[in-house]
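Novice: Handing you this structure, nothing more for now.
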Amino acid sequence: MNAACCFSALCLFAAVLLPAAAQATHGDGKLHIAVIDVAGGQSTLFVSPTGQSLLVDAGWPGNNYRDADRIVAAAKDLGVTRLNTVLITHYHTDHVGGVPQLVERIPVDKFIDHGTRYGKDPDPAVNYDNYMRVIASGKFQRSIVKAGDALPADGFEGTVIAAAGTVMQSSLPGQGAPNPLCAKAPAVLEDTSENGQSIALVLRFAGLTIVDGGDMTFDRERMLVCPGNKVGPVDLMIVSHHGVDWSSSPVWINSLAPRVAIMDNGSNKGGSTSVIDTIKASPRLEALYQLHPAPSVTYKNPGQTVQGGPEHNTPAEFIANGSGVDGKRVDVTVNPDGGLDIKSQGSGQTKHFVKQ
Ligand SMILES: [Zn+2]
């Protein structure tokens, strides 16, 4: 709005309305979550009831600022003009790779990460090195967290349940009971990639529990729920690792028993048949959302099992992007009474979930 404009009656009208519109989702007493499509990577934006922002992961590098621009668009829709905190779960390309482009597109105050990149990770270190250059610029605060820490993000009540290869020693309040599901979940080999170092976190608001496991895989999942279930039931789950089938073990899914799960799969990554089936069969599930249909052509990752199986997809109204479409989100509003309103940008429909 320019100064000359403000002397017109129309502009005075706009001056009254615009701030209210901008505050519609920014610090409105509700928790907002935008699960952004970054094509099989992760980027999830949380805006606290008091208006602070927390972005979990920055998507991929390259693609002419595609992921940074999608994050900025989500931030704008939620009334956010800067990112107070950006949490990097781990240093794989689809999570940390987008950081250099992101900081060119929107102000960032602070980064949270798990510390030094794991030396045994087989992937190139280039994206970690680029992130370290951003940190070395001295323009940003940095917090390194460990498992069990309170999440150091203003405006949010949360706990880091796993980080840098370890899981929290204690249980979340009221949890930790012996878990009968462990008898059918034998111990698995340690994940010696960066996935095993991933930060996993729990957020709490309005009596609800929300979990984001990053790209944690079977071994750390099991450590968190066996022999005692340290996490307990959750209301909303951001499905770990894009729905790839070496994460989201049955013991993890069934021990947390999410009421709503949102899977940040890409059109050709994640969305594994076994993961979709496990989530759909879990005991308290009310809805599974996917960012994309499961891959229509099955393929093998090196050394991994077949993915895909479109016949297993969640109903179309819960899939944000149809075949050949991308960039659409799943948006969640957590109301102070614990009710959830979830909108798939694909269908444009919003579904209400009453607090249980
Ligand atoms: Zn990933």
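Ordering of the structure tokens sets the chain letters (A, B, ...); residue numbers start at 1 within each chain; ligands are numbered from 1 in the order shown.
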Kindly provide the residues of stretch 23-74 of chain A that approach stretch 199-216 of chain A to within 9 Å, each paired with its closest atom pair and their distance in Å to one decimal, based on only C-alpha atoms, listed by chain and increasing number, as CSV.

Specialist:
residue,atom,partner,partner_atom,distance
A:Lys30,CA,A:Phe205,CA,8.8
A:Leu31,CA,A:Phe205,CA,7.4
A:Gln42,CA,A:Gly214,CA,8.0
A:Pro49,CA,A:Phe205,CA,8.9
A:Val56,CA,A:Gly214,CA,8.6
A:Asp57,CA,A:Gly214,CA,8.8

Novice: Check which residues fall inside 12 Å of ligand 1 when counting only C-alpha atoms and all ligand atoms, and print them as a PyMOL selection string.

Specialist: chain A and resi 38-43+56-60+88-97+193-196+198-199+213-217+239-244+246-247+263-266+269-270

Novice: Residues as selected, N, CA and C atoms, written as a CSV table (one decimal), in the first residue's frame, can you do that?

Specialist:
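Produced file part_2.csv, reproduced below:
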chain,number,residue,atom,x,y,z
A,38,VAL,N,7.1,-31.6,-1.5
A,38,VAL,CA,8.4,-31.4,-2.1
A,38,VAL,C,8.9,-32.7,-2.8
A,39,ALA,N,8.0,-33.3,-3.4
A,39,ALA,CA,8.3,-34.4,-4.4
A,39,ALA,C,9.1,-35.5,-3.7
A,40,GLY,N,8.6,-36.0,-2.6
A,40,GLY,CA,9.2,-37.1,-2.0
A,40,GLY,C,10.3,-36.8,-1.0
A,41,GLY,N,10.5,-35.5,-0.7
A,41,GLY,CA,11.3,-35.0,0.4
A,41,GLY,C,10.4,-34.6,1.5
A,42,GLN,N,10.9,-33.9,2.5
A,42,GLN,CA,10.1,-33.4,3.6
A,42,GLN,C,10.2,-31.9,3.7
A,43,SER,N,9.0,-31.3,3.9
A,43,SER,CA,9.0,-29.9,4.4
A,43,SER,C,7.6,-29.7,5.0
A,56,VAL,N,9.9,-27.9,9.5
A,56,VAL,CA,10.7,-29.1,9.6
A,56,VAL,C,11.1,-29.5,8.2
A,57,ASP,N,12.4,-29.3,7.9
A,57,ASP,CA,13.1,-29.7,6.7
A,57,ASP,C,12.7,-28.8,5.5
A,58,ALA,N,13.7,-28.7,4.6
A,58,ALA,CA,13.6,-27.7,3.5
A,58,ALA,C,13.5,-28.3,2.1
A,59,GLY,N,13.3,-29.6,2.0
A,59,GLY,CA,13.1,-30.2,0.7
A,59,GLY,C,14.5,-30.3,0.0
A,60,TRP,N,14.4,-30.4,-1.4
A,60,TRP,CA,15.5,-30.7,-2.2
A,60,TRP,C,16.2,-29.4,-2.7
A,88,ILE,N,16.2,-29.2,10.9
A,88,ILE,CA,16.7,-30.1,9.9
A,88,ILE,C,16.8,-31.5,10.6
A,89,THR,N,15.9,-32.4,10.1
A,89,THR,CA,15.9,-33.7,10.8
A,89,THR,C,17.2,-34.5,10.6
A,90,HIS,N,17.8,-34.4,9.4
A,90,HIS,CA,19.0,-35.1,9.1
A,90,HIS,C,19.5,-34.6,7.8
A,91,TYR,N,20.7,-35.1,7.3
A,91,TYR,CA,21.4,-34.4,6.3
A,91,TYR,C,21.3,-35.1,4.9
A,92,HIS,N,20.2,-35.8,4.7
A,92,HIS,CA,20.0,-36.3,3.3
A,92,HIS,C,19.4,-35.2,2.4
A,93,THR,N,19.7,-35.4,1.1
A,93,THR,CA,19.4,-34.3,0.1
A,93,THR,C,18.0,-33.8,0.2
A,94,ASP,N,17.0,-34.7,0.4
A,94,ASP,CA,15.6,-34.3,0.3
A,94,ASP,C,15.1,-33.6,1.6
A,95,HIS,N,16.0,-33.3,2.5
A,95,HIS,CA,15.6,-32.7,3.8
A,95,HIS,C,16.5,-31.4,4.0
A,96,VAL,N,17.8,-31.5,3.8
A,96,VAL,CA,18.7,-30.4,4.0
A,96,VAL,C,19.0,-29.6,2.7
A,97,GLY,N,18.9,-30.3,1.6
A,97,GLY,CA,19.4,-29.8,0.3
A,97,GLY,C,18.8,-28.5,0.0
A,193,SER,N,23.0,-45.4,8.4
A,193,SER,CA,22.9,-44.3,7.5
A,193,SER,C,22.5,-43.0,8.3
A,194,GLU,N,22.4,-41.9,7.6
A,194,GLU,CA,21.9,-40.7,8.3
A,194,GLU,C,20.5,-40.8,8.7
A,195,ASN,N,19.7,-41.7,8.1
A,195,ASN,CA,18.3,-41.9,8.5
A,195,ASN,C,18.3,-42.3,10.0
A,196,GLY,N,19.3,-43.1,10.4
A,196,GLY,CA,19.3,-43.5,11.8
A,196,GLY,C,19.6,-42.4,12.8
A,198,SER,N,18.3,-39.4,12.4
A,198,SER,CA,17.3,-38.4,12.2
A,198,SER,C,16.6,-37.9,13.5
A,199,ILE,N,16.4,-36.7,13.6
A,199,ILE,CA,15.6,-36.1,14.7
A,199,ILE,C,14.2,-36.6,14.5
A,213,GLY,N,8.4,-38.3,12.7
A,213,GLY,CA,9.6,-39.2,12.9
A,213,GLY,C,10.7,-38.9,11.9
A,214,GLY,N,10.7,-37.9,11.1
A,214,GLY,CA,11.7,-37.7,10.2
A,214,GLY,C,11.9,-38.9,9.3
A,215,ASP,N,13.1,-39.3,9.1
A,215,ASP,CA,13.3,-40.5,8.3
A,215,ASP,C,13.8,-41.7,9.1
A,216,MET,N,13.5,-41.6,10.4
A,216,MET,CA,13.8,-42.7,11.3
A,216,MET,C,13.4,-44.1,10.7
A,217,THR,N,14.1,-45.1,10.9
A,217,THR,CA,13.8,-46.4,10.3
A,217,THR,C,13.5,-47.4,11.5
A,239,VAL,N,3.8,-39.3,8.6
A,239,VAL,CA,4.4,-40.6,8.3
A,239,VAL,C,5.9,-40.5,8.0
A,240,SER,N,6.7,-41.2,8.8
A,240,SER,CA,8.1,-41.2,8.6
A,240,SER,C,8.5,-41.6,7.2
A,241,HIS,N,9.6,-40.9,6.7
A,241,HIS,CA,10.3,-41.3,5.5
A,241,HIS,C,9.5,-41.5,4.3
A,242,HIS,N,8.4,-40.7,4.2
A,242,HIS,CA,7.7,-40.6,2.9
A,242,HIS,C,6.9,-41.9,2.7
A,243,GLY,N,6.8,-42.7,3.7
A,243,GLY,CA,6.0,-44.0,3.4
A,243,GLY,C,6.9,-45.0,2.8
A,244,VAL,N,8.2,-44.9,2.8
A,244,VAL,CA,9.1,-45.9,2.4
A,244,VAL,C,9.1,-47.1,3.3
A,246,TRP,N,11.1,-49.2,4.7
A,246,TRP,CA,12.0,-49.6,5.8
A,246,TRP,C,11.9,-48.6,7.0
A,247,SER,N,10.8,-47.9,6.9
A,247,SER,CA,10.3,-47.1,8.1
A,247,SER,C,8.8,-47.5,8.3
A,263,MET,N,1.0,-38.7,4.8
A,263,MET,CA,2.2,-39.3,4.2
A,263,MET,C,2.7,-38.3,3.2
A,264,ASP,N,4.0,-37.9,3.3
A,264,ASP,CA,4.6,-36.9,2.4
A,264,ASP,C,5.4,-37.7,1.3
A,265,ASN,N,4.6,-38.6,0.6
A,265,ASN,CA,5.3,-39.3,-0.5
A,265,ASN,C,5.3,-38.5,-1.7
A,266,GLY,N,6.2,-38.9,-2.7
A,266,GLY,CA,6.2,-38.2,-4.0
A,266,GLY,C,5.5,-39.1,-5.0
A,269,LYS,N,8.1,-41.9,-5.3
A,269,LYS,CA,8.9,-42.2,-4.1
A,269,LYS,C,8.0,-42.4,-2.9
A,270,GLY,N,8.3,-43.5,-2.1
A,270,GLY,CA,7.5,-43.8,-0.9
A,270,GLY,C,6.1,-44.3,-1.3

Novice: Using only C-alpha atoms, which residues sit within 8 Å of stretch 64-75 of chain A once same-chain residues fewer than 5 positions away are excluded, as a ChimeraX atom specification?

Specialist: /A:34,36-38,43,45,58-59,80-82,98,101-102,105-106,327

Novice: Can you tell me which residues surround stretch 107-121 of chain A at a distance of at most 6 Å, considering only C-alpha atoms, apart from same-chain residues fewer than 3 positions away, and format the answer as a ChimeraX atom specification?

Specialist: /A:82-88,140-145,163-164,193-194

Novice: Could you name the residues that touch A:Val225 at 8 Å or less, counting only C-alpha atoms, but leaving out those on the same chain fewer than 6 positions away, as a PyMOL selection string?

Specialist: chain A and resi 179+182+231-232+251-252+255

Novice: I'd like to know which residues of stretch 23-69 of chain A are alpha helix (DSSP H) (by DSSP, run on the backbone); could you write them as a CSV table (one decimal) with all heavy atoms, in the first residue's frame?

Specialist:
chain,number,residue,atom,x,y,z
A,66,ARG,N,12.1,-24.5,-6.7
A,66,ARG,CA,10.7,-25.1,-6.6
A,66,ARG,C,10.3,-25.3,-5.1
A,66,ARG,O,9.2,-24.8,-4.7
A,66,ARG,CB,10.7,-26.4,-7.3
A,66,ARG,CG,9.3,-27.1,-7.2
A,66,ARG,CD,9.4,-28.6,-7.5
A,66,ARG,NE,10.3,-29.3,-6.5
A,66,ARG,CZ,10.8,-30.5,-6.6
A,66,ARG,NH1,10.5,-31.2,-7.8
A,66,ARG,NH2,11.5,-31.1,-5.7
A,67,ASP,N,11.2,-25.9,-4.3
A,67,ASP,CA,10.8,-26.2,-3.0
A,67,ASP,C,10.8,-25.0,-2.1
A,67,ASP,O,9.8,-24.8,-1.3
A,67,ASP,CB,11.7,-27.3,-2.4
A,67,ASP,CG,11.5,-28.7,-3.1
A,67,ASP,OD1,10.5,-28.7,-3.9
A,67,ASP,OD2,12.2,-29.6,-2.8
A,68,ALA,N,11.8,-24.1,-2.2
A,68,ALA,CA,11.8,-22.9,-1.4
A,68,ALA,C,10.5,-22.1,-1.7
A,68,ALA,O,9.9,-21.5,-0.8
A,68,ALA,CB,13.0,-22.1,-1.7
A,69,ASP,N,10.1,-22.0,-3.0
A,69,ASP,CA,9.0,-21.2,-3.4
A,69,ASP,C,7.7,-21.8,-2.9
A,69,ASP,O,6.7,-21.1,-2.5
A,69,ASP,CB,8.9,-21.0,-4.9
A,69,ASP,CG,10.0,-20.1,-5.4
A,69,ASP,OD1,10.5,-19.3,-4.6
A,69,ASP,OD2,10.2,-20.1,-6.6

Novice: Please, which residues of stretch 96-259 of chain A, numbered as in this document, come out strand (DSSP E or B) from DSSP, as a ChimeraX atom specification?

Specialist: /A:108-113,141-144,150,157-163,166-167,178,200-205,208-212,228,236-239

Novice: Of the residues A:Leu181, A:Ala125, A:Ile319, A:Val330, which is the one nearest to A:Ile253, using only C-alpha atoms?

Specialist: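 Answer, going by the shortest atom-to-atom distance: A:Leu181.
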